[in-house]
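S.K.: Here you go, entry.cif (mmCIF, C-alpha atoms):
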```
data_query
loop_
_atom_site.group_PDB
_atom_site.id
_atom_site.type_symbol
_atom_site.label_atom_id
_atom_site.label_comp_id
_atom_site.auth_asym_id
_atom_site.auth_seq_id
_atom_site.Cartn_x
_atom_site.Cartn_y
_atom_site.Cartn_z
ATOM 1 C CA ALA A 1 12.528 21.076 4.690
ATOM 2 C CA GLN A 2 10.790 20.270 1.440
ATOM 3 C CA LYS A 3 12.607 17.335 -0.091
ATOM 4 C CA VAL A 4 10.565 16.881 -3.241
ATOM 5 C CA THR A 5 9.201 19.943 -4.966
ATOM 6 C CA GLN A 6 6.667 19.874 -7.747
ATOM 7 C CA ALA A 7 6.272 23.567 -8.360
ATOM 8 C CA GLN A 8 3.462 23.225 -10.893
ATOM 9 C CA THR A 9 0.252 22.766 -8.933
ATOM 10 C CA GLU A 10 -1.908 22.478 -12.039
ATOM 11 C CA ILE A 11 -1.241 22.417 -15.777
ATOM 12 C CA SER A 12 -3.892 22.624 -18.459
ATOM 13 C CA VAL A 13 -3.134 21.925 -22.122
ATOM 14 C CA VAL A 14 -5.043 21.065 -25.246
ATOM 15 C CA GLU A 15 -4.922 17.509 -26.507
ATOM 16 C CA LYS A 16 -1.893 16.645 -28.656
ATOM 17 C CA GLU A 17 0.303 19.258 -27.039
ATOM 18 C CA ASP A 18 3.512 18.167 -25.330
ATOM 19 C CA VAL A 19 3.740 18.829 -21.607
ATOM 20 C CA THR A 20 6.557 18.590 -19.070
ATOM 21 C CA LEU A 21 6.044 18.064 -15.358
ATOM 22 C CA ASP A 22 8.884 19.272 -13.181
ATOM 23 C CA CYS A 23 10.327 17.551 -10.126
ATOM 24 C CA VAL A 24 13.197 18.868 -8.026
ATOM 25 C CA TYR A 25 14.512 16.910 -5.084
ATOM 26 C CA GLU A 26 16.869 17.420 -2.192
ATOM 27 C CA THR A 27 18.940 14.732 -0.514
ATOM 28 C CA ARG A 28 22.312 14.266 1.137
ATOM 29 C CA ASP A 29 22.529 10.593 0.195
ATOM 30 C CA THR A 30 24.697 9.497 -2.690
ATOM 31 C CA THR A 31 22.469 6.461 -3.227
ATOM 32 C CA TYR A 32 18.811 7.236 -3.680
ATOM 33 C CA TYR A 33 15.909 6.384 -5.934
ATOM 34 C CA LEU A 34 13.279 8.408 -7.717
ATOM 35 C CA PHE A 35 9.786 7.410 -8.718
ATOM 36 C CA TRP A 36 6.827 8.774 -10.656
ATOM 37 C CA TYR A 37 3.263 7.702 -9.911
ATOM 38 C CA LYS A 38 -0.002 8.571 -11.628
ATOM 39 C CA GLN A 39 -3.300 9.080 -9.811
ATOM 40 C CA PRO A 40 -6.217 9.193 -12.290
ATOM 41 C CA PRO A 41 -9.615 10.612 -11.271
ATOM 42 C CA SER A 42 -10.626 7.149 -10.044
ATOM 43 C CA GLY A 43 -8.130 7.614 -7.206
ATOM 44 C CA GLU A 44 -5.766 4.656 -7.401
ATOM 45 C CA LEU A 45 -2.004 5.155 -7.493
ATOM 46 C CA VAL A 46 -0.251 3.690 -10.494
ATOM 47 C CA PHE A 47 3.511 3.209 -10.665
ATOM 48 C CA LEU A 48 5.116 4.688 -13.788
ATOM 49 C CA ILE A 49 8.884 4.585 -13.458
ATOM 50 C CA ARG A 50 11.827 4.388 -11.073
ATOM 51 C CA ARG A 51 15.468 5.496 -11.437
ATOM 52 C CA ASN A 52 18.494 5.068 -9.230
ATOM 53 C CA SER A 53 20.970 7.838 -8.580
ATOM 54 C CA PHE A 54 23.724 6.168 -10.589
ATOM 55 C CA ASP A 55 21.765 5.946 -13.811
ATOM 56 C CA GLU A 56 21.309 9.281 -15.546
ATOM 57 C CA GLN A 57 20.178 7.856 -18.855
ATOM 58 C CA ASN A 58 16.936 9.280 -20.067
ATOM 59 C CA GLU A 59 14.076 6.859 -20.428
ATOM 60 C CA ILE A 60 11.375 6.708 -23.053
ATOM 61 C CA SER A 61 8.262 4.579 -22.889
ATOM 62 C CA GLY A 62 5.870 5.275 -25.724
ATOM 63 C CA ARG A 63 4.654 8.856 -25.349
ATOM 64 C CA TYR A 64 6.268 9.169 -21.910
ATOM 65 C CA SER A 65 9.859 10.221 -21.310
ATOM 66 C CA TRP A 66 11.872 11.095 -18.238
ATOM 67 C CA ASN A 67 14.904 13.349 -17.924
ATOM 68 C CA PHE A 68 17.084 12.763 -14.851
ATOM 69 C CA GLN A 69 19.802 15.353 -14.155
ATOM 70 C CA LYS A 70 21.814 15.008 -10.966
ATOM 71 C CA SER A 71 23.552 18.347 -11.550
ATOM 72 C CA THR A 72 20.253 20.163 -11.091
ATOM 73 C CA SER A 73 18.608 17.541 -8.802
ATOM 74 C CA SER A 74 15.740 17.200 -11.213
ATOM 75 C CA PHE A 75 13.713 14.312 -12.569
ATOM 76 C CA ASN A 76 11.271 15.740 -15.090
ATOM 77 C CA PHE A 77 8.494 13.910 -16.890
ATOM 78 C CA THR A 78 7.349 14.715 -20.416
ATOM 79 C CA ILE A 79 4.220 13.515 -22.158
ATOM 80 C CA THR A 80 4.368 13.854 -25.934
ATOM 81 C CA ALA A 81 1.168 14.289 -27.929
ATOM 82 C CA SER A 82 -0.980 14.354 -24.805
ATOM 83 C CA GLN A 83 -4.346 12.636 -24.711
ATOM 84 C CA VAL A 84 -7.437 13.189 -22.584
ATOM 85 C CA VAL A 85 -6.733 9.892 -20.796
ATOM 86 C CA ASP A 86 -3.494 11.397 -19.483
ATOM 87 C CA SER A 87 -5.524 13.682 -17.234
ATOM 88 C CA ALA A 88 -4.492 12.816 -13.691
ATOM 89 C CA VAL A 89 -2.433 13.945 -10.743
ATOM 90 C CA TYR A 90 1.200 12.973 -11.137
ATOM 91 C CA PHE A 91 3.462 12.481 -8.147
ATOM 92 C CA CYS A 92 7.225 12.441 -7.959
ATOM 93 C CA ALA A 93 8.773 10.643 -4.973
ATOM 94 C CA LEU A 94 12.250 10.233 -3.509
ATOM 95 C CA SER A 95 13.321 7.054 -1.727
ATOM 96 C CA GLU A 96 16.047 7.593 0.812
ATOM 97 C CA ARG A 97 17.360 5.830 3.863
ATOM 98 C CA VAL A 98 15.675 6.531 7.184
ATOM 99 C CA PRO A 99 18.192 8.176 9.559
ATOM 100 C CA MET A 100 19.747 5.680 12.011
ATOM 101 C CA ASP A 101 17.952 2.847 10.236
ATOM 102 C CA SER A 102 18.449 0.430 7.364
ATOM 103 C CA ASN A 103 14.961 0.969 5.959
ATOM 104 C CA TYR A 104 13.971 3.350 3.205
ATOM 105 C CA GLN A 105 11.089 5.804 3.063
ATOM 106 C CA LEU A 106 9.325 7.387 0.127
ATOM 107 C CA ILE A 107 9.124 11.162 0.352
ATOM 108 C CA TRP A 108 6.386 12.504 -1.912
ATOM 109 C CA GLY A 109 5.966 15.733 -3.776
ATOM 110 C CA ALA A 110 2.627 17.523 -3.554
ATOM 111 C CA GLY A 111 1.678 16.430 -7.051
ATOM 112 C CA THR A 112 0.841 18.182 -10.306
ATOM 113 C CA LYS A 113 -2.717 18.055 -11.577
ATOM 114 C CA LEU A 114 -2.636 17.670 -15.350
ATOM 115 C CA ILE A 115 -5.756 18.562 -17.321
ATOM 116 C CA ILE A 116 -5.874 17.620 -20.978
ATOM 117 C CA LYS A 117 -8.679 19.380 -22.846
ATOM 118 C CA PRO A 118 -10.148 17.805 -25.966
ATOM 119 C CA ASN B 1 -4.080 -11.762 -8.050
ATOM 120 C CA ALA B 2 -5.971 -9.026 -6.238
ATOM 121 C CA GLY B 3 -2.785 -7.137 -5.322
ATOM 122 C CA VAL B 4 -3.440 -4.875 -2.348
ATOM 123 C CA THR B 5 -6.972 -4.717 -0.998
ATOM 124 C CA GLN B 6 -8.402 -2.309 1.565
ATOM 125 C CA THR B 7 -11.644 -2.230 3.502
ATOM 126 C CA PRO B 8 -13.780 -0.256 3.845
ATOM 127 C CA LYS B 9 -13.765 2.059 0.817
ATOM 128 C CA PHE B 10 -15.696 4.796 2.587
ATOM 129 C CA GLN B 11 -16.333 5.525 6.248
ATOM 130 C CA VAL B 12 -17.934 8.332 8.224
ATOM 131 C CA LEU B 13 -17.159 8.581 11.928
ATOM 132 C CA LYS B 14 -18.129 10.917 14.701
ATOM 133 C CA THR B 15 -15.427 12.551 16.785
ATOM 134 C CA GLY B 16 -14.223 10.145 19.440
ATOM 135 C CA GLN B 17 -15.299 6.969 17.696
ATOM 136 C CA SER B 18 -12.788 4.269 16.908
ATOM 137 C CA MET B 19 -12.293 2.128 13.854
ATOM 138 C CA THR B 20 -9.813 -0.166 12.145
ATOM 139 C CA LEU B 21 -8.825 0.007 8.502
ATOM 140 C CA GLN B 22 -7.913 -3.346 7.042
ATOM 141 C CA CYS B 23 -5.270 -4.028 4.413
ATOM 142 C CA ALA B 24 -4.175 -7.283 2.809
ATOM 143 C CA GLN B 25 -1.762 -8.158 0.019
ATOM 144 C CA ASP B 26 -1.398 -11.379 -1.916
ATOM 145 C CA MET B 27 1.992 -10.707 -3.518
ATOM 146 C CA ASN B 28 4.037 -12.332 -0.729
ATOM 147 C CA HIS B 29 5.615 -8.959 0.030
ATOM 148 C CA ASN B 30 7.611 -8.434 3.199
ATOM 149 C CA SER B 31 7.026 -4.717 3.694
ATOM 150 C CA MET B 32 3.757 -2.871 4.157
ATOM 151 C CA TYR B 33 2.873 0.798 4.643
ATOM 152 C CA TRP B 34 0.062 3.105 5.656
ATOM 153 C CA TYR B 35 -0.171 6.600 4.156
ATOM 154 C CA ARG B 36 -2.621 9.442 4.341
ATOM 155 C CA GLN B 37 -3.341 11.828 1.480
ATOM 156 C CA ASP B 38 -4.694 15.295 2.153
ATOM 157 C CA PRO B 39 -5.730 17.855 -0.490
ATOM 158 C CA GLY B 40 -2.799 19.709 -2.019
ATOM 159 C CA MET B 41 -0.263 17.478 -0.346
ATOM 160 C CA GLY B 42 1.598 14.393 -1.298
ATOM 161 C CA LEU B 43 1.261 11.166 0.603
ATOM 162 C CA ARG B 44 2.568 11.125 4.141
ATOM 163 C CA LEU B 45 3.723 7.963 5.841
ATOM 164 C CA ILE B 46 1.897 7.061 9.036
ATOM 165 C CA TYR B 47 3.447 3.711 9.936
ATOM 166 C CA TYR B 48 5.288 0.978 8.141
ATOM 167 C CA SER B 49 6.206 -2.627 8.716
ATOM 168 C CA ALA B 50 9.510 -3.619 7.160
ATOM 169 C CA SER B 51 8.820 -7.287 7.816
ATOM 170 C CA GLU B 52 6.386 -9.500 9.683
ATOM 171 C CA GLY B 53 6.643 -8.823 13.393
ATOM 172 C CA THR B 54 8.039 -5.297 13.126
ATOM 173 C CA THR B 55 6.380 -1.895 12.922
ATOM 174 C CA ASP B 56 7.857 1.593 12.905
ATOM 175 C CA LYS B 57 6.558 5.138 12.990
ATOM 176 C CA GLY B 58 6.541 7.266 9.910
ATOM 177 C CA GLU B 59 6.166 11.002 9.522
ATOM 178 C CA VAL B 60 2.691 11.397 11.072
ATOM 179 C CA PRO B 61 2.002 8.565 13.572
ATOM 180 C CA ASN B 62 0.136 10.491 16.271
ATOM 181 C CA GLY B 63 -3.418 9.283 16.805
ATOM 182 C CA TYR B 64 -2.848 5.947 15.066
ATOM 183 C CA ASN B 65 -1.796 2.433 15.915
ATOM 184 C CA VAL B 66 -0.960 -0.470 13.649
ATOM 185 C CA SER B 67 -0.828 -4.232 13.780
ATOM 186 C CA ARG B 68 1.034 -6.519 11.410
ATOM 187 C CA LEU B 69 -1.257 -9.471 11.898
ATOM 188 C CA ASN B 70 0.715 -11.786 9.616
ATOM 189 C CA LYS B 71 2.696 -11.450 6.425
ATOM 190 C CA ARG B 72 -0.418 -10.641 4.401
ATOM 191 C CA GLU B 73 -2.284 -8.242 6.668
ATOM 192 C CA PHE B 74 -1.508 -4.824 8.129
ATOM 193 C CA SER B 75 -4.234 -2.906 9.940
ATOM 194 C CA LEU B 76 -4.465 0.741 10.973
ATOM 195 C CA ARG B 77 -6.481 1.733 14.042
ATOM 196 C CA LEU B 78 -7.856 5.107 15.026
ATOM 197 C CA GLU B 79 -8.594 4.895 18.753
ATOM 198 C CA SER B 80 -10.406 8.209 19.088
ATOM 199 C CA ALA B 81 -11.070 9.820 15.742
ATOM 200 C CA ALA B 82 -10.629 13.568 15.303
ATOM 201 C CA PRO B 83 -11.733 15.830 12.419
ATOM 202 C CA SER B 84 -8.036 16.329 11.573
ATOM 203 C CA GLN B 85 -7.935 12.658 10.609
ATOM 204 C CA THR B 86 -10.356 13.230 7.754
ATOM 205 C CA SER B 87 -8.308 12.037 4.790
ATOM 206 C CA VAL B 88 -7.840 9.354 2.191
ATOM 207 C CA TYR B 89 -5.832 6.435 3.549
ATOM 208 C CA PHE B 90 -3.711 4.233 1.341
ATOM 209 C CA CYS B 91 -2.088 0.949 2.156
ATOM 210 C CA ALA B 92 0.912 -0.186 0.126
ATOM 211 C CA SER B 93 3.297 -3.098 -0.010
ATOM 212 C CA SER B 94 6.725 -3.792 -1.450
ATOM 213 C CA ALA B 95 8.783 -6.927 -1.817
ATOM 214 C CA THR B 96 11.693 -6.129 0.459
ATOM 215 C CA GLY B 97 11.492 -2.525 1.649
ATOM 216 C CA THR B 98 14.777 -1.556 0.043
ATOM 217 C CA GLY B 99 15.095 1.801 -1.655
ATOM 218 C CA TRP B 100 14.782 0.338 -5.131
ATOM 219 C CA ASP B 101 11.573 -1.480 -4.378
ATOM 220 C CA THR B 102 8.375 -0.320 -6.004
ATOM 221 C CA GLN B 103 5.460 0.171 -3.661
ATOM 222 C CA TYR B 104 2.091 -1.078 -4.870
ATOM 223 C CA PHE B 105 -0.999 0.603 -3.554
ATOM 224 C CA GLY B 106 -4.490 -0.381 -2.565
ATOM 225 C CA PRO B 107 -7.539 1.548 -3.815
ATOM 226 C CA GLY B 108 -7.726 3.758 -0.712
ATOM 227 C CA THR B 109 -10.226 4.417 2.088
ATOM 228 C CA ARG B 110 -11.976 7.778 2.184
ATOM 229 C CA LEU B 111 -12.550 8.635 5.850
ATOM 230 C CA THR B 112 -14.610 11.559 7.099
ATOM 231 C CA VAL B 113 -14.655 12.466 10.791
ATOM 232 C CA LEU B 114 -17.487 14.763 11.814
#
```
Represent the structure from my file as structure tokens, please.
M.R.:
Amino acid sequence: AQKVTQAQTEISVVEKEDVTLDCVYETRDTTYYLFWYKQPPSGELVFLIRRNSFDEQNEISGRYSWNFQKSTSSFNFTITASQVVDSAVYFCALSERVPMDSNYQLIWGAGTKLIIKP
Amino acid sequence: NAGVTQTPKFQVLKTGQSMTLQCAQDMNHNSMYWYRQDPGMGLRLIYYSASEGTTDKGEVPNGYNVSRLNKREFSLRLESAAPSQTSVYFCASSATGTGWDTQYFGPGTRLTVL
């Protein structure tokens, strides 16, 4: 079963527009963690943010903001006033405990390719 | 600090050949991971090592073996490469392997199996 769904395969906007990337997750755990990573065209994976399931406060970091809503199992990412350098693939990931184990695993969404046109 | 390093960056193999992907981290992290990334899909965990001396299977372990050589190094071996193993491979590390821990990634190895 799909545990992390990023329904938007690709989004294309013009520079300076605001854009929201959706992430919906599924878990039975009461304690879990959510992450966003960025993969620019160069290919590396860059950590952006993490949240735990007990903290539903929204987070803002410059032009980036994240909206975590447990009621809808969503952790959406908004870029305000987008720039060409924001063009990348963005991944949402869920960290949950491995069954019958004390370790955690990251379950990744398929990613959303964001294209910012000048 | 180099972070997480991987070698090689690119590799082309013929079906049936073997090779080892190397990964090293200099952050004194306990946990290390190997993922593969295929087009249109998120990363999938192949194997992980929660701490030195332990390794465990992830979601897609078939066709791979791993060795946690020491705290710094975690290698991935393909014994008999198949075209289905054509992918980009990422190594990652995290401090403790707990759910809250951020995983830091290497630059990736692009592997093509003909």
S.K.: Can you check which residues of chain A have any atom within 6 Å of chain B? Use all atoms listed in the file and format it as a VMD selection string.
M.R.: chain A and resid 44 95 104 108 to 110
S.K.: Quick one: apply the PyMOL selection byres ((chain A and resi 56) around 10) to the file and drop the selected residues here as a CSV table (one decimal) with C-alpha atoms, in the frame of the given file.
M.R.:
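Output file result.csv follows:
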```csv
chain,number,residue,atom,x,y,z
A,51,ARG,CA,15.5,5.5,-11.4
A,52,ASN,CA,18.5,5.1,-9.2
A,53,SER,CA,21.0,7.8,-8.6
A,54,PHE,CA,23.7,6.2,-10.6
A,55,ASP,CA,21.8,5.9,-13.8
A,57,GLN,CA,20.2,7.9,-18.9
A,58,ASN,CA,16.9,9.3,-20.1
A,59,GLU,CA,14.1,6.9,-20.4
A,66,TRP,CA,11.9,11.1,-18.2
A,67,ASN,CA,14.9,13.3,-17.9
A,68,PHE,CA,17.1,12.8,-14.9
A,69,GLN,CA,19.8,15.4,-14.2
A,70,LYS,CA,21.8,15.0,-11.0
A,75,PHE,CA,13.7,14.3,-12.6
```
S.K.: Residue by residue, what does the PyMOL selection byres ((chain B and resi 8-18) around 9) grab here? Present the result as a PyMOL selection string.
M.R.: chain B and resi 6-7+19-22+77-83+107-114
S.K.: With C-alpha atoms retained, export the selected residues as a CSV table (one decimal), keeping the file's coordinate frame.
M.R.:
```csv
chain,number,residue,atom,x,y,z
B,6,GLN,CA,-8.4,-2.3,1.6
B,7,THR,CA,-11.6,-2.2,3.5
B,19,MET,CA,-12.3,2.1,13.9
B,20,THR,CA,-9.8,-0.2,12.1
B,21,LEU,CA,-8.8,0.0,8.5
B,22,GLN,CA,-7.9,-3.3,7.0
B,77,ARG,CA,-6.5,1.7,14.0
B,78,LEU,CA,-7.9,5.1,15.0
B,79,GLU,CA,-8.6,4.9,18.8
B,80,SER,CA,-10.4,8.2,19.1
B,81,ALA,CA,-11.1,9.8,15.7
B,82,ALA,CA,-10.6,13.6,15.3
B,83,PRO,CA,-11.7,15.8,12.4
B,107,PRO,CA,-7.5,1.5,-3.8
B,108,GLY,CA,-7.7,3.8,-0.7
B,109,THR,CA,-10.2,4.4,2.1
B,110,ARG,CA,-12.0,7.8,2.2
B,111,LEU,CA,-12.6,8.6,5.8
B,112,THR,CA,-14.6,11.6,7.1
B,113,VAL,CA,-14.7,12.5,10.8
B,114,LEU,CA,-17.5,14.8,11.8
```
S.K.: Running the PyMOL selection byres ((chain A and resi 13-19) around 12) on this model by hand, what would come out? Give it as a PyMOL selection string.
M.R.: chain A and resi 8+10-12+20-22+63-66+76-87+112-118
S.K.: Could you tell me how far atom CA of A:Glu96 sits from atom CA of A:Gly43, in Å to one decimal place?
M.R.: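 Taking atom CA of A:Gly43 and atom CA of A:Glu96, their separation equals 25.5 Å.
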S.K.: How many Å lie between atom CA of A:Phe47 and atom CA of B:Asn62, rounded to one decimal?
M.R.: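 Computing it gives 28.1 Å between the two atoms.
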S.K.: With all atoms listed in the file as the atoms that count, which of B:Tyr89, B:His29, B:Arg68, B:Leu76 lies nearest to A:Leu45?
M.R.: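 Under the stated criterion, the closest residue is B:Tyr89.
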S.K.: Stretch 99-103 of chain B, all listed atoms, 3 Å padding on each side: what axis-aligned box centre and edge lengths in Å to one decimal come out, as JSON?
M.R.:
```
{"center_x": 10.3, "center_y": 0.2, "center_z": -3.8, "size_x": 15.6, "size_y": 9.3, "size_z": 10.3}
```
S.K.: Quote the spacing between atom CA of A:Tyr90 and atom CA of B:Asn28 in Å to one decimal place.
M.R.: 27.5 Å
S.K.: For A:Arg97, list every protein, DNA or RNA residue within 10 Å, evaluated using only C-alpha atoms, and leave out those in the same chain fewer than 5 positions away; present the list as an mmCIF file with C-alpha atoms, in the coordinates of the input.
M.R.:
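Once written, selection_30.cif looks like this:
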```cif
data_model
loop_
_atom_site.group_PDB
_atom_site.id
_atom_site.type_symbol
_atom_site.label_atom_id
_atom_site.label_comp_id
_atom_site.auth_asym_id
_atom_site.auth_seq_id
_atom_site.Cartn_x
_atom_site.Cartn_y
_atom_site.Cartn_z
ATOM 1 C CA ASP A 29 22.529 10.593 0.195
ATOM 2 C CA THR A 31 22.469 6.461 -3.227
ATOM 3 C CA TYR A 32 18.811 7.236 -3.680
ATOM 4 C CA TYR A 33 15.909 6.384 -5.934
ATOM 5 C CA SER A 102 18.449 0.430 7.364
ATOM 6 C CA ASN A 103 14.961 0.969 5.959
ATOM 7 C CA TYR A 104 13.971 3.350 3.205
ATOM 8 C CA GLN A 105 11.089 5.804 3.063
ATOM 9 C CA LEU A 106 9.325 7.387 0.127
ATOM 10 C CA THR B 98 14.777 -1.556 0.043
ATOM 11 C CA GLY B 99 15.095 1.801 -1.655
#
```
S.K.: Could you tell me which of B:Gln25, B:Gln85, B:Thr5, B:Asn30 comes closest to B:Gly63 if we count all atoms listed in the file?
M.R.: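 Closest to B:Gly63 of all the choices is B:Gln85.
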